[in-house]
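Student: Structure file my_file13.txt (compact mmCIF, C-alpha atoms) is given on the next line.
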# COMPACT_ATOMS: atom_id res chain seq x y z
CA MET A 15 20.60 74.51 60.07
CA LYS A 16 17.74 76.92 60.80
CA GLU A 17 19.92 78.72 63.33
CA ARG A 18 22.70 78.98 60.80
CA GLU A 19 20.37 80.53 58.23
CA ASP A 20 19.14 83.01 60.81
CA SER A 21 22.66 84.03 61.78
CA VAL A 22 23.59 84.41 58.11
CA LYS A 23 20.56 86.67 57.63
CA GLU A 24 21.47 88.58 60.80
CA LYS A 25 25.10 89.17 59.84
CA GLY A 26 24.36 89.80 56.18
CA ARG A 27 21.49 92.23 56.69
CA ASP A 28 23.65 95.29 56.02
CA PHE A 29 24.39 93.79 52.63
CA ASN A 30 20.98 93.87 51.03
CA ASP A 31 22.48 94.87 47.72
CA VAL A 32 25.55 92.71 47.24
CA ASN A 33 27.63 94.11 44.40
CA MET A 34 31.15 93.68 43.12
CA GLN A 35 32.60 96.22 45.55
CA ASN A 36 31.27 94.83 48.82
CA TYR A 37 31.16 91.13 47.90
CA LYS A 38 34.34 90.26 49.81
CA SER A 39 33.25 91.99 53.01
CA TYR A 40 29.86 90.28 52.64
CA VAL A 41 31.55 86.86 52.48
CA PHE A 42 33.65 87.68 55.55
CA ALA A 43 30.50 88.73 57.42
CA VAL A 44 28.51 85.55 56.71
CA MET A 45 31.27 82.89 56.72
CA PRO A 46 31.51 80.82 59.93
CA LYS A 47 34.09 82.25 62.33
CA SER A 48 36.92 79.89 63.21
CA LYS A 49 38.05 79.61 66.79
CA HIS A 50 41.34 81.52 66.59
CA PHE A 51 42.87 80.70 69.96
CA LYS A 52 42.08 76.98 69.87
CA ASN A 53 43.39 76.76 66.28
CA ILE A 54 46.69 78.38 67.26
CA ILE A 55 47.25 76.04 70.23
CA LEU A 56 46.46 72.97 68.09
CA ALA A 57 48.80 74.18 65.32
CA PHE A 58 51.56 74.70 67.89
CA VAL A 59 51.18 71.25 69.48
CA VAL A 60 50.78 69.23 66.26
CA GLY A 61 53.48 71.15 64.36
CA GLY A 62 55.81 70.83 67.33
CA LEU A 63 55.15 67.09 67.64
CA ILE A 64 55.89 66.48 63.94
CA CYS A 65 59.21 68.32 64.41
CA VAL A 66 59.93 66.21 67.52
CA ILE A 67 59.41 63.02 65.46
CA GLY A 68 61.83 64.50 62.89
CA GLN A 69 64.35 65.23 65.64
CA LEU A 70 64.02 61.65 66.96
CA ILE A 71 64.79 60.31 63.45
CA ILE A 72 67.83 62.66 63.22
CA GLU A 73 69.13 61.44 66.60
CA PHE A 74 68.58 57.83 65.44
CA PHE A 75 70.65 58.39 62.25
CA VAL A 76 73.36 60.25 64.20
CA PHE A 77 73.42 57.26 66.60
CA LEU A 78 74.00 55.00 63.55
CA GLY A 79 77.01 57.13 62.59
CA VAL A 80 75.56 59.38 59.86
CA SER A 81 76.76 63.00 59.89
CA ARG A 82 74.24 65.49 61.32
CA VAL A 83 73.82 67.36 57.99
CA ASP A 84 73.03 64.13 56.10
CA ALA A 85 70.79 62.92 58.93
CA THR A 86 68.70 66.11 58.58
CA GLY A 87 68.02 65.29 54.92
CA HIS A 88 67.27 61.62 55.69
CA ALA A 89 64.82 62.64 58.42
CA SER A 90 62.90 64.86 55.99
CA SER A 91 62.69 61.96 53.49
CA CYS A 92 61.46 59.59 56.23
CA LEU A 93 58.75 62.07 57.27
CA ILE A 94 57.68 62.41 53.61
CA VAL A 95 57.29 58.61 53.34
CA ILE A 96 55.37 58.38 56.64
CA ALA A 97 53.04 61.22 55.62
CA ALA A 98 52.47 59.64 52.17
CA ILE A 99 51.38 56.35 53.78
CA LEU A 100 49.19 58.14 56.35
CA THR A 101 47.57 60.11 53.51
CA GLY A 102 46.84 56.86 51.68
CA LEU A 103 45.21 55.45 54.81
CA GLY A 104 43.16 58.64 55.19
CA VAL A 105 44.66 59.45 58.60
CA TYR A 106 46.52 62.62 57.59
CA ASP A 107 43.37 64.37 56.38
CA LYS A 108 41.82 63.77 59.81
CA ILE A 109 44.86 65.31 61.51
CA GLY A 110 44.75 68.21 59.04
CA ARG A 111 41.11 68.92 59.82
CA PHE A 112 41.87 70.03 63.37
CA ALA A 113 45.57 70.97 63.21
CA GLY A 114 45.42 73.56 60.38
CA ALA A 115 48.83 75.07 59.74
CA GLY A 116 50.38 72.57 62.19
CA SER A 117 49.93 69.86 59.57
CA THR A 118 50.42 72.06 56.47
CA ILE A 119 53.73 73.80 57.10
CA PRO A 120 55.93 70.81 58.06
CA ILE A 121 57.32 68.86 55.05
CA THR A 122 54.61 66.25 55.77
CA GLY A 123 52.04 68.80 54.54
CA PHE A 124 53.95 69.08 51.25
CA SER A 125 53.91 65.28 50.94
CA ASN A 126 50.17 65.24 51.69
CA ALA A 127 49.59 67.94 49.05
CA VAL A 128 51.27 65.70 46.45
CA VAL A 129 49.81 62.31 47.43
CA ALA A 130 46.18 63.32 48.10
CA PRO A 131 45.41 64.59 44.56
CA ALA A 132 47.46 61.70 43.10
CA ILE A 133 45.06 59.22 44.75
CA GLU A 134 42.01 61.35 43.97
CA TYR A 135 42.64 61.63 40.22
CA ARG A 136 43.83 58.07 39.70
CA CYS A 137 40.51 57.41 37.93
CA GLU A 138 41.59 59.83 35.17
CA GLY A 139 44.44 57.49 34.27
CA LEU A 140 47.92 56.76 35.54
CA ILE A 141 49.78 58.89 32.99
CA TYR A 142 47.71 62.09 32.70
CA GLY A 143 45.49 61.78 35.79
CA VAL A 144 48.15 61.01 38.40
CA GLY A 145 51.05 62.62 36.55
CA THR A 146 49.36 66.00 36.14
CA ARG A 147 47.30 66.34 39.30
CA MET A 148 50.16 65.24 41.56
CA PHE A 149 51.71 68.70 41.12
CA PHE A 150 48.50 70.65 41.55
CA VAL A 151 49.82 72.16 44.81
CA ALA A 152 53.45 71.02 44.70
CA GLY A 153 54.00 72.56 41.24
CA PRO A 154 53.55 76.17 42.39
CA VAL A 155 55.72 75.41 45.43
CA ILE A 156 58.59 74.02 43.33
CA VAL A 157 58.34 76.63 40.55
CA ASN A 158 58.29 79.60 42.96
CA GLY A 159 60.85 78.03 45.28
CA VAL A 160 63.41 77.25 42.57
CA SER A 161 63.01 80.65 40.87
CA ILE A 162 63.36 82.67 44.06
CA ALA A 163 66.16 80.43 45.36
CA ILE A 164 68.24 81.08 42.21
CA VAL A 165 67.67 84.87 42.47
CA VAL A 166 68.52 84.91 46.19
CA ALA A 167 71.59 82.70 45.70
CA LEU A 168 72.73 84.96 42.81
CA VAL A 169 72.51 88.07 45.00
CA ARG A 170 74.33 86.32 47.84
CA TRP A 171 77.01 85.01 45.45
CA LEU A 172 77.62 88.51 43.98
CA PHE A 173 77.96 89.89 47.53
CA PHE A 174 80.35 87.04 48.32
CA LEU A 175 82.48 87.82 45.22
CA TYR A 176 82.59 91.62 45.30
CA CYS A 177 82.03 92.70 48.91
CA MET B 14 68.87 64.69 73.70
CA VAL B 15 65.84 65.89 75.72
CA ILE B 16 67.00 69.50 75.26
CA SER B 17 67.28 69.05 71.46
CA LEU B 18 63.77 67.53 71.35
CA LEU B 19 62.41 70.46 73.39
CA LYS B 20 64.11 73.00 71.10
CA ALA B 21 62.69 71.23 68.03
CA PHE B 22 59.20 71.25 69.60
CA LEU B 23 59.28 74.95 70.51
CA VAL B 24 60.79 76.28 67.27
CA GLY B 25 58.77 73.98 65.00
CA GLY B 26 55.58 74.76 66.88
CA GLY B 27 56.39 78.47 66.78
CA ILE B 28 56.78 78.45 62.98
CA CYS B 29 53.41 76.66 62.66
CA VAL B 30 51.80 79.25 64.97
CA ILE B 31 52.99 82.05 62.64
CA GLY B 32 51.36 80.16 59.76
CA GLN B 33 48.11 79.61 61.69
CA VAL B 34 47.89 83.31 62.63
CA LEU B 35 48.43 84.16 58.95
CA ILE B 36 45.62 81.75 57.94
CA ASN B 37 43.28 83.15 60.62
CA LEU B 38 43.91 86.74 59.57
CA THR B 39 43.96 86.42 55.79
CA HIS B 40 42.08 83.15 54.95
CA LEU B 41 44.81 82.14 52.50
CA THR B 42 44.65 78.62 51.04
CA ASN B 43 47.11 75.96 52.15
CA GLY B 44 49.06 76.07 48.88
CA LYS B 45 49.70 79.80 49.23
CA ILE B 46 50.80 79.34 52.85
CA LEU B 47 53.29 76.69 51.70
CA VAL B 48 54.69 79.02 49.01
CA ILE B 49 54.91 81.98 51.42
CA PHE B 50 56.87 79.97 53.99
CA LEU B 51 59.14 78.51 51.31
CA LEU B 52 59.96 82.04 50.09
CA LEU B 53 60.46 83.18 53.70
CA GLY B 54 63.01 80.38 54.18
CA CYS B 55 64.77 81.36 50.90
CA VAL B 56 65.02 85.03 51.87
CA LEU B 57 66.18 84.32 55.44
CA GLU B 58 68.87 81.98 54.09
CA GLY B 59 69.84 84.70 51.61
CA PHE B 60 70.90 86.75 54.65
CA GLY B 61 72.57 83.64 56.11
CA LEU B 62 70.11 83.46 59.02
CA TYR B 63 68.40 80.09 58.48
CA THR B 64 71.41 77.75 58.79
CA PRO B 65 72.17 79.01 62.33
CA LEU B 66 68.48 78.37 63.18
CA ILE B 67 68.80 74.77 61.91
CA GLU B 68 72.01 74.34 63.93
CA PHE B 69 70.14 75.58 67.00
CA ALA B 70 66.77 73.84 66.61
CA GLY B 71 67.57 70.84 64.39
CA ALA B 72 64.38 69.33 62.98
CA GLY B 73 62.38 72.25 64.44
CA ALA B 74 63.74 74.42 61.62
CA SER B 75 64.52 71.84 58.90
CA VAL B 76 61.16 70.00 58.89
CA PRO B 77 58.94 73.06 58.19
CA ILE B 78 58.78 73.86 54.44
CA SER B 79 61.03 76.91 55.01
CA GLY B 80 63.85 74.40 55.58
CA PHE B 81 63.29 73.23 51.99
CA GLY B 82 63.82 76.82 50.80
CA CYS B 83 67.00 76.99 52.85
CA VAL B 84 68.30 73.80 51.18
CA LEU B 85 67.54 75.24 47.70
CA VAL B 86 69.41 78.52 48.36
CA ASN B 87 72.31 76.84 50.15
CA GLY B 88 72.75 74.28 47.38
CA ALA B 89 72.71 76.95 44.66
CA PHE B 90 75.10 79.24 46.59
CA ASP B 91 77.62 76.50 47.44
CA ALA B 92 77.62 75.17 43.86
CA ALA B 93 78.03 78.74 42.51
CA LYS B 94 81.17 79.19 44.61
CA ASN B 95 82.71 76.07 43.03
CA GLU B 96 81.34 76.02 39.48
CA GLY B 97 80.14 79.57 38.76
CA VAL B 98 76.92 80.20 36.84
CA VAL B 99 76.39 76.52 35.93
CA GLY B 100 76.52 75.62 39.61
CA LEU B 101 74.14 78.47 40.46
CA LEU B 102 71.51 77.09 38.07
CA SER B 103 71.90 73.39 38.90
CA GLY B 104 72.90 73.44 42.57
CA GLY B 105 69.52 74.28 44.13
CA LEU B 106 67.53 71.44 42.60
CA ALA B 107 70.49 69.07 42.96
CA ALA B 108 70.51 69.68 46.72
CA ALA B 109 66.73 69.20 46.97
CA ALA B 110 66.57 66.33 44.47
CA GLY B 111 66.43 63.59 47.12
CA GLY B 112 63.35 64.98 48.83
CA VAL B 113 61.52 65.80 45.59
CA SER B 114 62.26 62.35 44.12
CA VAL B 115 60.99 60.61 47.26
CA VAL B 116 57.77 62.66 47.08
CA ILE B 117 57.22 61.76 43.40
CA LEU B 118 58.06 58.05 43.81
CA PHE B 119 55.92 57.51 46.90
CA GLY B 120 53.12 59.68 45.52
CA TYR B 121 52.95 57.33 42.54
CA ILE B 122 53.24 54.11 44.57
CA ILE B 123 50.58 55.22 47.09
CA ALA B 124 48.26 56.24 44.22
CA LEU B 125 48.67 52.72 42.80
CA ILE B 126 48.00 50.97 46.12
CA PHE B 127 45.20 52.98 47.72
CA LYS B 128 41.77 53.74 46.33
CA PRO B 129 40.25 57.21 46.66
CA ARG B 130 37.93 57.41 49.65
CA THR B 131 34.88 59.56 50.04
CA LYS B 132 35.43 62.33 52.55
CA THR B 133 33.39 61.79 55.72
CA LYS B 134 32.76 64.50 58.25
For this file, write the structure as structure tokens.

Tutor:
Amino acid sequence: MKEREDSVKEKGRDFNDVNMQNYKSYVFAVMPKSKHFKNIILAFVVGGLICVIGQLIIEFFVFLGVSRVDATGHASSCLIVIAAILTGLGVYDKIGRFAGAGSTIPITGFSNAVVAPAIEYRCEGLIYGVGTRMFFVAGPVIVNGVSIAIVVALVRWLFFLYC
Amino acid sequence: MVISLLKAFLVGGGICVIGQVLINLTHLTNGKILVIFLLLGCVLEGFGLYTPLIEFAGAGASVPISGFGCVLVNGAFDAAKNEGVVGLLSGGLAAAAGGVSVVILFGYIIALIFKPRTKTK
């Protein structure tokens, strides 16, 4: 802790007068540096492995006779359920702590972003607590996604009709 | 089968690496990273590029959140071809409804079953 304080003083010494202009660069100077290379490797391995599990589920559904397009959707739903249970058990947060984007970007990260606040704010009540906080992260994702998707699909449709 | 697993691993891992580099460089929060990748998937599918990627890499492209964006755009576009403007507005969410409903249902069930735990380091 002492060392940490010293290094903060060391790095922040050019910022004796922190004001509104240089506050952001001050924060960047004193915040702990993350290990970039290690983070990237971990994100690659964990993200890749989650996709491999998804692919295994797809192959399983195709083996059962489901079409490949439907199997892709089913696999995403299965991963969402698995991630929801792992979040409830507290396992997913542990994975997320070292995997970074590897656990955020797959659909499991979306599931985790819904379930984690739902559990956390259960004490505020099942109707307002869970119902509101559940979409704390997922809300922006769905709102932005649906809006942009409609605009993009409109442009593509107009090109399809008139070009 | 082994080849398809390898392709899923490489493409899925690659997409996550792009996200991790973005986090390392810009210190964006997880929610913003999710939105950025969703929009990226939407725009790529707008040019018709994401479906070929899913055909090539399978779960490697459909499991990352950008695959969700692809489903939204594809659903809206396909419905627009059949039903016009009504299809354009309803098709996206209709195509993604399964996934969103599963998230909501299981989010609620898990919140009922499990108790919040204190975060340990």

Student: I'd like a table as a Markdown table: residues in chain B with an atom no more than 6 Å from chain A, each row giving the shortest atom pair and its distance in Å to one decimal, all atoms listed in the file counted, sorted by chain and rising residue number.

Tutor:
| residue | atom | partner | partner_atom | distance |
| --- | --- | --- | --- | --- |
| B:Leu18 | CA | A:Val66 | CA | 5.6 |
| B:Ala21 | CA | A:Val66 | CA | 5.8 |
| B:Phe22 | CA | A:Gly62 | CA | 4.1 |
| B:Gly25 | CA | A:Gly62 | CA | 4.9 |
| B:Gly26 | CA | A:Gly62 | CA | 4.0 |
| B:Cys29 | CA | A:Gly116 | CA | 5.1 |
| B:Val30 | CA | A:Phe58 | CA | 5.4 |
| B:Gly32 | CA | A:Ala115 | CA | 5.7 |
| B:Gln33 | CA | A:Ala115 | CA | 5.0 |
| B:Gly44 | CA | A:Val151 | CA | 5.7 |
| B:Val48 | CA | A:Val155 | CA | 5.2 |
| B:Cys55 | CA | A:Ala163 | CA | 5.8 |
| B:Gly59 | CA | A:Val166 | CA | 5.6 |
| B:Ala72 | CA | A:Gln69 | CA | 4.9 |
| B:Gly73 | CA | A:Cys65 | CA | 5.0 |
| B:Val76 | CA | A:Pro120 | CA | 5.4 |
| B:Pro77 | CA | A:Pro120 | CA | 3.8 |
| B:Ile78 | CA | A:Ile121 | CA | 5.2 |
| B:Leu85 | CA | A:Ala163 | CA | 5.9 |
| B:Val86 | CA | A:Ala163 | CA | 4.8 |
| B:Ala89 | CA | A:Ala167 | CA | 5.9 |
| B:Phe90 | CA | A:Ala167 | CA | 5.0 |
| B:Gly112 | CA | A:Ser91 | CA | 5.6 |
| B:Gly120 | CA | A:Val129 | CA | 4.6 |
| B:Ala124 | CA | A:Ile133 | CA | 4.4 |
| B:Phe127 | CA | A:Gly102 | CA | 5.8 |
| B:Pro129 | CA | A:Glu134 | CA | 5.2 |

Student: Can you work out the spacing between CA of Leu62 in chain B and CA of Val34 in chain B in Å, to one decimal?

Tutor: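 Taking CA of Leu62 in chain B as the start and CA of Val34 in chain B as the end point, the length is 22.5 Å.
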
Student: For a cut-off of 7 Å around (57.8, 80.6, 55.2), file coordinates, pick out all residues using all atoms listed in the file and list them as an mmCIF file with C-alpha atoms, in the coordinates of the input.

Tutor:
data_model
loop_
_atom_site.group_PDB
_atom_site.id
_atom_site.type_symbol
_atom_site.label_atom_id
_atom_site.label_comp_id
_atom_site.auth_asym_id
_atom_site.auth_seq_id
_atom_site.Cartn_x
_atom_site.Cartn_y
_atom_site.Cartn_z
ATOM 1 C CA LEU B 47 53.290 76.690 51.700
ATOM 2 C CA ILE B 49 54.910 81.980 51.420
ATOM 3 C CA PHE B 50 56.870 79.970 53.990
ATOM 4 C CA LEU B 51 59.140 78.510 51.310
ATOM 5 C CA LEU B 52 59.960 82.040 50.090
ATOM 6 C CA LEU B 53 60.460 83.180 53.700
ATOM 7 C CA GLY B 54 63.010 80.380 54.180
ATOM 8 C CA ILE B 78 58.780 73.860 54.440
ATOM 9 C CA SER B 79 61.030 76.910 55.010
#

Student: So that I can check the surroundings of Leu101 in chain B, please list as a PyMOL selection string every protein, DNA and RNA residue that reaches within 6 Å of it, counting all atoms listed in the file and ignoring chain neighbours fewer than 3 positions away.

Tutor: chain B and resi 89+92-93+98+104

Student: Produce a file of the selected residues containing C-alpha atoms, as a tab-separated table (two decimals), keeping the file's coordinate frame.

Tutor:
chain	number	residue	atom	x	y	z
B	89	ALA	CA	72.71	76.95	44.66
B	92	ALA	CA	77.62	75.17	43.86
B	93	ALA	CA	78.03	78.74	42.51
B	98	VAL	CA	76.92	80.20	36.84
B	104	GLY	CA	72.90	73.44	42.57

Student: Find, counting all atoms listed in the file, the residue in B:Ala70, B:Val84, B:Lys94, B:Tyr121 that gets nearest to Val24 in chain B.

Tutor: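 Smallest separation from Val24 in chain B among the options: B:Ala70.
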
Student: Hey, could you pull the box centre and edge lengths for range 26-30 of chain B, axis-aligned, 4 Å padding per side, all listed atoms, to one decimal in Å, as AutoDock Vina command-line options?

Tutor:
--center_x 54.3 --center_y 77.0 --center_z 64.8 --size_x 13.0 --size_y 12.5 --size_z 12.2

Student: What does the distance between CA of Gly105 in chain B and CA of Gly88 in chain B come to in Å, to one decimal place?

Tutor: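 Between CA of Gly105 in chain B and CA of Gly88 in chain B the gap is 4.6 Å.
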
Student: If I take CA of His40 in chain B and CA of Leu66 in chain B, how far is one from the other in Å, to one decimal?

Tutor: 28.1 Å

Student: When distances are computed from only C-alpha atoms, which of B:Gly80, B:Met14, B:Leu38, B:Gly97 shows the smallest separation from Ile67 in chain B?

Tutor: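 The answer is B:Gly80, which sits nearest to Ile67 in chain B.
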
Student: My structure is short of atoms at range 158-176 of chain A; please model N, CA and C atoms there, returning them as an mmCIF file, in the coordinates of the input.

Tutor:
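File written: rebuild-v4.cif
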data_model
loop_
_atom_site.group_PDB
_atom_site.id
_atom_site.type_symbol
_atom_site.label_atom_id
_atom_site.label_comp_id
_atom_site.auth_asym_id
_atom_site.auth_seq_id
_atom_site.Cartn_x
_atom_site.Cartn_y
_atom_site.Cartn_z
ATOM 1 N N ASN A 158 57.945 78.368 42.235
ATOM 2 C CA ASN A 158 58.290 79.600 42.960
ATOM 3 C C ASN A 158 59.564 79.428 43.764
ATOM 4 N N GLY A 159 59.681 78.266 44.426
ATOM 5 C CA GLY A 159 60.850 78.030 45.280
ATOM 6 C C GLY A 159 62.136 78.063 44.489
ATOM 7 N N VAL A 160 62.175 77.323 43.355
ATOM 8 C CA VAL A 160 63.410 77.250 42.570
ATOM 9 C C VAL A 160 63.757 78.615 41.993
ATOM 10 N N SER A 161 62.741 79.342 41.470
ATOM 11 C CA SER A 161 63.010 80.650 40.870
ATOM 12 C C SER A 161 63.590 81.608 41.904
ATOM 13 N N ILE A 162 62.895 81.734 43.040
ATOM 14 C CA ILE A 162 63.360 82.670 44.060
ATOM 15 C C ILE A 162 64.713 82.241 44.613
ATOM 16 N N ALA A 163 64.893 80.913 44.797
ATOM 17 C CA ALA A 163 66.160 80.430 45.360
ATOM 18 C C ALA A 163 67.319 80.834 44.464
ATOM 19 N N ILE A 164 67.148 80.721 43.121
ATOM 20 C CA ILE A 164 68.240 81.080 42.210
ATOM 21 C C ILE A 164 68.529 82.581 42.305
ATOM 22 N N VAL A 165 67.470 83.417 42.369
ATOM 23 C CA VAL A 165 67.670 84.870 42.470
ATOM 24 C C VAL A 165 68.402 85.209 43.769
ATOM 25 N N VAL A 166 67.911 84.615 44.884
ATOM 26 C CA VAL A 166 68.520 84.910 46.190
ATOM 27 C C VAL A 166 69.971 84.452 46.217
ATOM 28 N N ALA A 167 70.216 83.227 45.689
ATOM 29 C CA ALA A 167 71.590 82.700 45.700
ATOM 30 C C ALA A 167 72.489 83.556 44.818
ATOM 31 N N LEU A 168 71.931 84.088 43.687
ATOM 32 C CA LEU A 168 72.730 84.960 42.810
ATOM 33 C C LEU A 168 73.162 86.215 43.549
ATOM 34 N N VAL A 169 72.203 86.847 44.251
ATOM 35 C CA VAL A 169 72.510 88.070 45.000
ATOM 36 C C VAL A 169 73.580 87.765 46.054
ATOM 37 N N ARG A 170 73.392 86.660 46.766
ATOM 38 C CA ARG A 170 74.330 86.320 47.840
ATOM 39 C C ARG A 170 75.713 86.011 47.274
ATOM 40 N N TRP A 171 75.739 85.359 46.089
ATOM 41 C CA TRP A 171 77.010 85.010 45.450
ATOM 42 C C TRP A 171 77.747 86.274 45.016
ATOM 43 N N LEU A 172 76.998 87.262 44.422
ATOM 44 C CA LEU A 172 77.620 88.510 43.980
ATOM 45 C C LEU A 172 78.192 89.265 45.175
ATOM 46 N N PHE A 173 77.441 89.270 46.314
ATOM 47 C CA PHE A 173 77.960 89.890 47.530
ATOM 48 C C PHE A 173 79.225 89.194 47.988
ATOM 49 N N PHE A 174 79.204 87.847 47.886
ATOM 50 C CA PHE A 174 80.350 87.040 48.320
ATOM 51 C C PHE A 174 81.571 87.357 47.461
ATOM 52 N N LEU A 175 81.365 87.589 46.129
ATOM 53 C CA LEU A 175 82.480 87.820 45.220
ATOM 54 C C LEU A 175 83.029 89.226 45.331
ATOM 55 N N TYR A 176 82.140 90.235 45.468
ATOM 56 C CA TYR A 176 82.590 91.620 45.300
ATOM 57 C C TYR A 176 82.544 92.449 46.566
#
